[in-house]
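A.B. asks: Handing over protein.cif, mmCIF, C-alpha atoms.
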data_start
#
loop_
_atom_site.label_atom_id
_atom_site.label_comp_id
_atom_site.auth_asym_id
_atom_site.auth_seq_id
_atom_site.Cartn_x
_atom_site.Cartn_y
_atom_site.Cartn_z
CA MET A 235 -4.81 23.96 -20.80
CA PRO A 236 -1.21 23.98 -22.14
CA ARG A 237 0.79 21.00 -20.93
CA GLN A 238 3.46 23.28 -19.47
CA SER A 239 1.00 24.59 -16.88
CA LEU A 240 1.00 21.13 -15.27
CA PHE A 241 4.43 21.90 -13.86
CA THR A 242 3.01 24.56 -11.56
CA GLN A 243 2.32 23.63 -7.95
CA GLY A 244 -1.39 23.74 -7.12
CA VAL A 245 -2.62 23.47 -10.72
CA ARG A 246 -6.34 22.74 -10.94
CA MET A 247 -6.86 19.18 -12.17
CA THR A 248 -10.64 18.93 -12.43
CA HIS A 249 -10.61 19.06 -16.24
CA LEU A 250 -7.74 16.57 -16.57
CA ILE A 251 -9.53 13.52 -15.20
CA PRO A 252 -11.18 11.28 -17.82
CA GLU A 253 -14.77 10.24 -17.18
CA LYS A 254 -13.75 6.57 -17.09
CA LEU A 255 -10.55 4.53 -17.50
CA ALA A 256 -10.71 0.77 -18.01
CA GLY A 257 -8.20 -1.67 -16.58
CA LYS A 258 -5.92 -3.48 -19.02
CA ASN A 259 -7.97 -6.68 -18.85
CA LYS A 260 -11.21 -4.67 -18.98
CA ARG A 261 -12.59 -6.39 -15.87
CA ILE A 262 -12.63 -3.18 -13.88
CA TYR A 263 -12.58 0.55 -14.46
CA ILE A 264 -11.75 3.56 -12.34
CA ARG A 265 -13.53 6.90 -12.32
CA PRO A 266 -14.38 9.72 -9.92
CA LEU A 267 -17.34 9.08 -7.65
CA ARG A 268 -20.48 11.04 -8.50
CA ALA A 269 -23.80 11.72 -6.81
CA SER A 270 -25.51 8.85 -8.61
CA ASP A 271 -23.09 6.40 -6.93
CA PHE A 272 -24.71 6.84 -3.52
CA GLY A 273 -26.55 3.52 -3.68
CA SER A 274 -23.46 1.60 -4.80
CA TRP A 275 -21.37 3.25 -2.08
CA ARG A 276 -23.88 2.38 0.64
CA GLU A 277 -24.14 -1.22 -0.58
CA SER A 278 -20.36 -1.61 -0.71
CA GLN A 279 -20.04 -0.42 2.88
CA ALA A 280 -22.76 -2.82 4.06
CA ALA A 281 -21.29 -5.80 2.17
CA MET A 282 -17.82 -5.61 3.71
CA ALA A 283 -16.91 -8.57 5.90
CA ALA A 284 -15.11 -8.34 9.23
CA PRO A 285 -11.45 -7.29 8.85
CA ARG A 286 -9.39 -10.20 7.54
CA SER A 287 -5.96 -8.91 8.56
CA GLU A 288 -4.37 -6.18 10.65
CA PHE A 289 -4.17 -4.05 7.49
CA ASP A 290 -7.83 -4.47 6.63
CA VAL A 291 -9.99 -1.87 8.33
CA PRO A 292 -13.73 -1.87 9.08
CA PRO A 293 -16.06 0.17 6.86
CA ALA A 294 -15.12 3.82 7.10
CA VAL A 295 -18.69 4.84 7.86
CA LYS A 296 -20.91 3.18 10.46
CA PRO A 297 -24.42 2.09 9.33
CA ALA A 298 -26.15 5.09 10.90
CA GLY A 299 -23.86 7.45 9.00
CA ARG A 300 -24.38 5.99 5.53
CA THR A 301 -26.53 8.88 4.40
CA ARG A 302 -26.65 11.09 1.35
CA LYS A 303 -25.27 13.91 3.47
CA THR A 304 -22.21 11.85 4.37
CA PHE A 305 -21.72 10.84 0.74
CA ARG A 306 -22.01 14.45 -0.42
CA GLY A 307 -19.24 15.28 2.05
CA ILE A 308 -17.00 12.65 0.45
CA LEU A 309 -17.68 14.05 -3.01
CA LYS A 310 -16.98 17.59 -1.80
CA ALA A 311 -13.65 16.57 -0.26
CA ASN A 312 -12.61 14.83 -3.48
CA LYS A 313 -13.50 17.86 -5.58
CA SER A 314 -11.56 20.13 -3.23
CA LEU A 315 -8.42 18.01 -3.65
CA LEU A 316 -8.77 18.16 -7.43
CA ARG A 317 -9.39 21.91 -7.43
CA ASP A 318 -6.31 22.54 -5.29
CA GLY A 319 -4.13 20.14 -7.27
CA ALA A 320 -3.25 18.24 -4.10
CA GLY A 321 -4.68 14.82 -4.93
CA CYS A 322 -7.42 12.83 -6.59
CA PHE A 323 -9.42 9.72 -5.74
CA TRP A 324 -11.38 7.31 -7.87
CA GLY A 325 -13.80 4.50 -7.23
CA VAL A 326 -12.84 1.06 -8.52
CA PHE A 327 -15.80 -0.55 -10.28
CA LEU A 328 -16.48 -3.92 -11.84
CA ASN A 329 -17.89 -3.82 -15.35
CA ASP A 330 -21.35 -4.47 -13.90
CA ASN A 331 -20.90 -1.11 -12.12
CA ARG A 332 -20.48 -2.52 -8.60
CA LEU A 333 -18.19 -0.37 -6.46
CA ILE A 334 -15.44 -2.65 -5.11
CA GLY A 335 -12.77 -0.28 -3.82
CA ARG A 336 -10.96 3.01 -4.17
CA ILE A 337 -7.64 4.24 -5.46
CA GLY A 338 -6.02 7.64 -5.41
CA LEU A 339 -3.00 9.90 -5.61
CA MET A 340 -2.03 12.03 -2.62
CA ASN A 341 0.61 14.64 -1.86
CA ILE A 342 0.98 15.68 -5.49
CA THR A 343 4.11 17.80 -5.84
CA ARG A 344 4.74 19.77 -9.02
CA ASP A 345 7.61 22.07 -10.06
CA ALA A 346 10.89 20.09 -10.25
CA TYR A 347 9.40 16.90 -8.74
CA GLN A 348 6.20 15.96 -10.59
CA SER A 349 5.53 13.21 -8.07
CA ALA A 350 2.73 11.77 -5.95
CA GLU A 351 1.95 8.98 -3.51
CA ILE A 352 -0.50 6.21 -4.42
CA THR A 353 -3.07 4.70 -2.09
CA TYR A 354 -5.35 1.78 -2.92
CA ARG A 355 -7.88 -0.49 -1.30
CA ILE A 356 -10.12 -3.26 -2.60
CA PHE A 357 -12.98 -4.12 -0.26
CA ASN A 358 -12.43 -7.55 1.27
CA PRO A 359 -15.32 -9.43 -0.41
CA PHE A 360 -13.40 -8.91 -3.67
CA TRP A 361 -9.91 -9.96 -2.57
CA GLY A 362 -8.01 -12.63 -4.46
CA TRP A 363 -9.05 -11.74 -8.01
CA GLY A 364 -6.21 -9.39 -8.97
CA TYR A 365 -8.46 -6.33 -9.14
CA ALA A 366 -6.06 -4.19 -7.11
CA GLN A 367 -3.15 -4.61 -9.50
CA GLU A 368 -5.39 -3.80 -12.47
CA ALA A 369 -6.54 -0.63 -10.72
CA VAL A 370 -2.94 0.30 -9.91
CA LYS A 371 -1.91 -0.06 -13.55
CA ALA A 372 -4.84 2.07 -14.69
CA CYS A 373 -3.98 4.72 -12.11
CA LEU A 374 -0.35 4.82 -13.25
CA ARG A 375 -1.41 5.19 -16.86
CA LEU A 376 -3.58 8.14 -15.93
CA ALA A 377 -0.85 9.69 -13.74
CA PHE A 378 1.81 9.48 -16.46
CA THR A 379 -0.42 10.75 -19.27
CA GLU A 380 -3.34 12.98 -18.28
CA LEU A 381 -1.77 14.31 -15.07
CA GLY A 382 1.77 14.70 -16.43
CA LEU A 383 3.48 13.13 -13.40
CA ASN A 384 6.94 11.57 -13.52
CA ARG A 385 7.16 9.49 -10.36
CA ILE A 386 4.60 7.72 -8.19
CA GLU A 387 5.62 6.37 -4.78
CA ALA A 388 4.08 3.74 -2.50
CA TYR A 389 4.92 3.29 1.17
CA ILE A 390 4.18 -0.21 2.46
CA GLU A 391 4.88 -1.91 5.76
CA PRO A 392 7.26 -4.85 5.17
CA VAL A 393 4.84 -7.32 6.75
CA ASN A 394 1.95 -6.24 4.51
CA LEU A 395 2.75 -8.88 1.93
CA ALA A 396 -0.51 -8.55 0.03
CA SER A 397 0.13 -4.86 -0.64
CA VAL A 398 3.75 -5.61 -1.60
CA ARG A 399 2.54 -8.15 -4.16
CA THR A 400 0.02 -5.66 -5.53
CA ALA A 401 2.64 -2.93 -5.93
CA GLU A 402 5.15 -5.24 -7.62
CA ALA A 403 2.53 -6.73 -9.94
CA GLY A 404 1.33 -3.22 -10.74
CA GLY A 405 4.77 -2.12 -11.92
CA PHE A 406 6.45 -0.64 -8.84
CA LYS A 407 10.07 -1.30 -7.93
CA LYS A 408 11.44 -1.45 -4.41
CA GLU A 409 13.96 1.28 -3.64
CA GLY A 410 14.64 0.96 0.07
CA LEU A 411 13.37 1.28 3.62
CA ALA A 412 12.16 4.45 5.34
CA ARG A 413 12.56 4.09 9.10
CA LYS A 414 9.72 5.12 11.41
CA LYS A 415 7.89 7.00 8.67
CA LEU A 416 4.29 5.98 9.34
CA PHE A 417 2.35 6.28 12.60
CA THR A 418 -0.30 3.56 12.67
CA ARG A 419 -1.69 1.11 15.19
CA LYS A 420 -0.28 3.24 18.05
CA ALA A 421 3.36 3.10 16.90
CA TRP A 422 5.81 4.53 14.38
CA ARG A 423 6.40 1.93 11.67
CA ASN A 424 9.09 1.31 9.08
CA VAL A 425 7.88 1.25 5.49
CA LEU A 426 9.28 -0.05 2.25
CA VAL A 427 9.67 2.59 -0.43
CA TYR A 428 8.37 1.56 -3.83
CA ALA A 429 8.31 3.75 -6.92
CA ALA A 430 7.05 3.71 -10.50
CA VAL A 431 8.73 6.09 -12.93
CA CYS A 432 7.20 7.40 -16.14
CA SER A 433 10.03 6.24 -18.44
CA ASP A 434 9.99 2.70 -17.00
CA HIS A 435 6.42 2.33 -18.22
CA GLY A 436 7.05 3.52 -21.78
CA PHE A 437 5.83 7.09 -21.35
CA LYS A 438 7.80 10.24 -22.13
CA LEU A 439 7.38 13.42 -20.11
CA ASN A 440 8.84 16.70 -21.26
CA PRO A 441 11.07 18.23 -18.58
CA PRO A 442 9.74 21.21 -16.65
CA GLU A 443 10.92 24.67 -17.61
CA LEU A 444 11.84 26.12 -14.21
#
Could I get this file's structure written as structure tokens?
C.D. replies:
Amino acid sequence: MPRQSLFTQGVRMTHLIPEKLAGKNKRIYIRPLRASDFGSWRESQAAMAAPRSEFDVPPAVKPAGRTRKTFRGILKANKSLLRDGAGCFWGVFLNDNRLIGRIGLMNITRDAYQSAEITYRIFNPFWGWGYAQEAVKACLRLAFTELGLNRIEAYIEPVNLASVRTAEAGGFKKEGLARKKLFTRKAWRNVLVYAAVCSDHGFKLNPPEL
């Protein structure tokens, strides 16, 4: 596909995603989930400890729902996002192929913006090893190269210090505060606005021809 077509809103991205992208320190890699990951996914859900902070959530799927049918639904939703050009999600894996988290890009906007919002989560048994920041760096590299994006944003509650540290270590810069932007835990919350821009990370993106 010609690079210029990436500037069109809703471009299909299925063919743009590499099979596997290693972190800089090669301790982890990110890639799309596939059907053969069912066992790893189920084990990762079962291994999660009780939430360790107000920002850590219980496993997304209860034990009774950890079935192949549920997992196929997750894969289908991910493929739909890619097909529609709206977002993409990857599993975060250790080099021994254990699934330890997820990372993704949401709200991809093309045309004159070429931007997206990042989301990331490392499952709590694997906190404290710097895996999240490695995954963030790998995701940015993919966003600025294969996906042709110019700006990636992160919205983080000011009191979520762990996520702030991850964003800053991953190459994001704080730009300001968005008031009452996020509804969570039964209230509208302020969030810090962080952003990573293509040129700040040594990548060059040709401007869109609008």
A.B. asks: On this structure, the PyMOL selection byres ((chain A and resi 397) around 12) would catch which residues? List them as an NGL selection string, sorted by chain and number.
C.D. replies: :A and (287 or 289-290 or 352-356 or 361-362 or 364 or 366-367 or 370 or 388-396 or 398-404 or 406 or 425-426 or 428)
A.B. asks: For each of A:Arg344, A:Arg423, A:Arg261, A:Lys296, take the minimum atom-to-atom distance to Leu383 of chain A, counting all atoms listed in the file, then give the residue where this is smallest.
C.D. replies: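 Looking at the shortest contact to Leu383 of chain A, the residue is A:Arg344.
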A.B. asks: Choose the residue, out of A:Lys408, A:Lys438, A:Lys260, A:Lys415, that has the smallest atom-to-atom separation from Asp330 of chain A; count only C-alpha atoms.
C.D. replies: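 Nearest candidate to Asp330 of chain A out of A:Lys408, A:Lys438, A:Lys260, A:Lys415: A:Lys260.
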A.B. asks: I'd like the contact shell of segment 320-325 of chain A - 7 Å cut-off, all atoms listed in the file, skipping same-chain residues fewer than 4 positions apart - returned as an MDAnalysis selection string.
C.D. replies: chainID A and resid 244 264:267 312 315:316 333 335:342
A.B. asks: Rounded to one decimal in Å, what is the spacing between atom CA of Ser433 of chain A and atom CA of Asn384 of chain A?
C.D. replies: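 Computed distance, atom CA of Ser433 of chain A to atom CA of Asn384 of chain A, equals 7.9 Å.
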A.B. asks: Counting only C-alpha atoms, figure out which residue out of A:Ala280, A:Ala430, A:Leu255, A:Ala311 gets nearest to Pro292 of chain A.
C.D. replies: A:Ala280
A.B. asks: What lies within 6 Å of Phe327 of chain A using all atoms listed in the file, ignoring chain neighbours under 2 positions off, as a list in words?
C.D. replies: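 My reading of the contact set: Ile262, Tyr263, Asn331, Arg332, Leu333 and Ile334 of chain A.
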A.B. asks: Evaluate the PyMOL selection byres ((chain A and resi 275) around 12) here and jot the selected residues down as a PyMOL selection string.
C.D. replies: chain A and resi 267-274+276-282+293-295+297+300-302+304-306+308-309+325-327+331-336+357
A.B. asks: Please, what distance in Å, to one decimal, runs between atom CA of Val431 of chain A and atom CA of Asn329 of chain A?
C.D. replies: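 These two atoms are separated by 28.5 Å.
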A.B. asks: Nearest to Leu411 of chain A: which of A:Asn259, A:Asn424, A:Val291, A:Arg286 is it, counting only C-alpha atoms?
C.D. replies: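 Among the listed residues, the smallest separation from Leu411 of chain A belongs to A:Asn424.
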A.B. asks: Hey, can you check how far atom CA of Cys373 of chain A sits from atom CA of Ala256 of chain A?
C.D. replies: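 If I compute the distance from atom CA of Cys373 of chain A to atom CA of Ala256 of chain A, I get 9.8 Å.
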A.B. asks: Pull the neighbourhood of (5.5, 8.2, -18.8) for me: all residues within 12 Å in file coordinates, counting all atoms listed in the file, as a ChimeraX atom specification.
C.D. replies: /A:348-349,374-386,430-441
A.B. asks: How about completing segment 356-385 of chain A with N, CA and C atoms and giving it to me as a PDB file, in the frame of the given file?
C.D. replies:
ATOM      1  N   ILE A 356      -8.997  -2.483  -2.084  1.00  0.00           N
ATOM      2  CA  ILE A 356     -10.120  -3.260  -2.600  1.00  0.00           C
ATOM      3  C   ILE A 356     -10.870  -3.808  -1.396  1.00  0.00           C
ATOM      4  N   PHE A 357     -12.187  -3.655  -1.388  1.00  0.00           N
ATOM      5  CA  PHE A 357     -12.980  -4.120  -0.260  1.00  0.00           C
ATOM      6  C   PHE A 357     -12.887  -5.643  -0.161  1.00  0.00           C
ATOM      7  N   ASN A 358     -12.830  -6.153   1.071  1.00  0.00           N
ATOM      8  CA  ASN A 358     -12.430  -7.550   1.270  1.00  0.00           C
ATOM      9  C   ASN A 358     -13.316  -8.622   0.624  1.00  0.00           C
ATOM     10  N   PRO A 359     -14.603  -8.386   0.322  1.00  0.00           N
ATOM     11  CA  PRO A 359     -15.320  -9.430  -0.410  1.00  0.00           C
ATOM     12  C   PRO A 359     -14.760  -9.700  -1.810  1.00  0.00           C
ATOM     13  N   PHE A 360     -13.905  -8.797  -2.302  1.00  0.00           N
ATOM     14  CA  PHE A 360     -13.400  -8.910  -3.670  1.00  0.00           C
ATOM     15  C   PHE A 360     -11.887  -9.179  -3.710  1.00  0.00           C
ATOM     16  N   TRP A 361     -11.323  -9.599  -2.598  1.00  0.00           N
ATOM     17  CA  TRP A 361      -9.910  -9.960  -2.570  1.00  0.00           C
ATOM     18  C   TRP A 361      -9.675 -11.252  -3.361  1.00  0.00           C
ATOM     19  N   GLY A 362      -8.433 -11.373  -3.847  1.00  0.00           N
ATOM     20  CA  GLY A 362      -8.010 -12.630  -4.460  1.00  0.00           C
ATOM     21  C   GLY A 362      -8.252 -12.747  -5.950  1.00  0.00           C
ATOM     22  N   TRP A 363      -8.744 -11.692  -6.582  1.00  0.00           N
ATOM     23  CA  TRP A 363      -9.050 -11.740  -8.010  1.00  0.00           C
ATOM     24  C   TRP A 363      -8.107 -10.882  -8.853  1.00  0.00           C
ATOM     25  N   GLY A 364      -7.148 -10.219  -8.228  1.00  0.00           N
ATOM     26  CA  GLY A 364      -6.210  -9.390  -8.970  1.00  0.00           C
ATOM     27  C   GLY A 364      -6.750  -8.033  -9.376  1.00  0.00           C
ATOM     28  N   TYR A 365      -7.874  -7.631  -8.774  1.00  0.00           N
ATOM     29  CA  TYR A 365      -8.460  -6.330  -9.140  1.00  0.00           C
ATOM     30  C   TYR A 365      -7.573  -5.173  -8.734  1.00  0.00           C
ATOM     31  N   ALA A 366      -6.882  -5.302  -7.600  1.00  0.00           N
ATOM     32  CA  ALA A 366      -6.060  -4.190  -7.110  1.00  0.00           C
ATOM     33  C   ALA A 366      -4.936  -3.866  -8.095  1.00  0.00           C
ATOM     34  N   GLN A 367      -4.262  -4.886  -8.591  1.00  0.00           N
ATOM     35  CA  GLN A 367      -3.150  -4.610  -9.500  1.00  0.00           C
ATOM     36  C   GLN A 367      -3.648  -4.016 -10.818  1.00  0.00           C
ATOM     37  N   GLU A 368      -4.837  -4.407 -11.264  1.00  0.00           N
ATOM     38  CA  GLU A 368      -5.390  -3.800 -12.470  1.00  0.00           C
ATOM     39  C   GLU A 368      -5.697  -2.322 -12.224  1.00  0.00           C
ATOM     40  N   ALA A 369      -6.244  -2.022 -11.046  1.00  0.00           N
ATOM     41  CA  ALA A 369      -6.540  -0.630 -10.720  1.00  0.00           C
ATOM     42  C   ALA A 369      -5.262   0.190 -10.607  1.00  0.00           C
ATOM     43  N   VAL A 370      -4.215  -0.386 -10.027  1.00  0.00           N
ATOM     44  CA  VAL A 370      -2.940   0.300  -9.910  1.00  0.00           C
ATOM     45  C   VAL A 370      -2.374   0.635 -11.288  1.00  0.00           C
ATOM     46  N   LYS A 371      -2.430  -0.308 -12.201  1.00  0.00           N
ATOM     47  CA  LYS A 371      -1.910  -0.060 -13.550  1.00  0.00           C
ATOM     48  C   LYS A 371      -2.704   1.042 -14.251  1.00  0.00           C
ATOM     49  N   ALA A 372      -4.019   1.024 -14.081  1.00  0.00           N
ATOM     50  CA  ALA A 372      -4.840   2.070 -14.690  1.00  0.00           C
ATOM     51  C   ALA A 372      -4.515   3.431 -14.092  1.00  0.00           C
ATOM     52  N   CYS A 373      -4.309   3.469 -12.780  1.00  0.00           N
ATOM     53  CA  CYS A 373      -3.980   4.720 -12.110  1.00  0.00           C
ATOM     54  C   CYS A 373      -2.633   5.267 -12.589  1.00  0.00           C
ATOM     55  N   LEU A 374      -1.657   4.383 -12.744  1.00  0.00           N
ATOM     56  CA  LEU A 374      -0.350   4.820 -13.250  1.00  0.00           C
ATOM     57  C   LEU A 374      -0.467   5.381 -14.660  1.00  0.00           C
ATOM     58  N   ARG A 375      -1.241   4.706 -15.491  1.00  0.00           N
ATOM     59  CA  ARG A 375      -1.410   5.190 -16.860  1.00  0.00           C
ATOM     60  C   ARG A 375      -2.001   6.590 -16.872  1.00  0.00           C
ATOM     61  N   LEU A 376      -2.971   6.822 -16.022  1.00  0.00           N
ATOM     62  CA  LEU A 376      -3.580   8.140 -15.930  1.00  0.00           C
ATOM     63  C   LEU A 376      -2.587   9.172 -15.383  1.00  0.00           C
ATOM     64  N   ALA A 377      -1.822   8.769 -14.353  1.00  0.00           N
ATOM     65  CA  ALA A 377      -0.850   9.690 -13.740  1.00  0.00           C
ATOM     66  C   ALA A 377       0.214  10.132 -14.731  1.00  0.00           C
ATOM     67  N   PHE A 378       0.704   9.187 -15.540  1.00  0.00           N
ATOM     68  CA  PHE A 378       1.810   9.480 -16.460  1.00  0.00           C
ATOM     69  C   PHE A 378       1.356  10.180 -17.737  1.00  0.00           C
ATOM     70  N   THR A 379       0.072  10.134 -18.034  1.00  0.00           N
ATOM     71  CA  THR A 379      -0.420  10.750 -19.270  1.00  0.00           C
ATOM     72  C   THR A 379      -1.225  12.010 -18.944  1.00  0.00           C
ATOM     73  N   GLU A 380      -2.453  11.830 -18.488  1.00  0.00           N
ATOM     74  CA  GLU A 380      -3.340  12.980 -18.280  1.00  0.00           C
ATOM     75  C   GLU A 380      -2.819  13.952 -17.227  1.00  0.00           C
ATOM     76  N   LEU A 381      -2.204  13.430 -16.163  1.00  0.00           N
ATOM     77  CA  LEU A 381      -1.770  14.310 -15.070  1.00  0.00           C
ATOM     78  C   LEU A 381      -0.325  14.769 -15.224  1.00  0.00           C
ATOM     79  N   GLY A 382       0.419  14.226 -16.165  1.00  0.00           N
ATOM     80  CA  GLY A 382       1.770  14.700 -16.430  1.00  0.00           C
ATOM     81  C   GLY A 382       2.746  14.486 -15.291  1.00  0.00           C
ATOM     82  N   LEU A 383       2.576  13.404 -14.513  1.00  0.00           N
ATOM     83  CA  LEU A 383       3.480  13.130 -13.400  1.00  0.00           C
ATOM     84  C   LEU A 383       4.624  12.220 -13.846  1.00  0.00           C
ATOM     85  N   ASN A 384       5.749  12.332 -13.164  1.00  0.00           N
ATOM     86  CA  ASN A 384       6.940  11.570 -13.520  1.00  0.00           C
ATOM     87  C   ASN A 384       7.212  10.396 -12.599  1.00  0.00           C
ATOM     88  N   ARG A 385       6.813  10.513 -11.344  1.00  0.00           N
ATOM     89  CA  ARG A 385       7.160   9.490 -10.360  1.00  0.00           C
ATOM     90  C   ARG A 385       6.010   9.306  -9.364  1.00  0.00           C
TER      91      ARG A 385
END
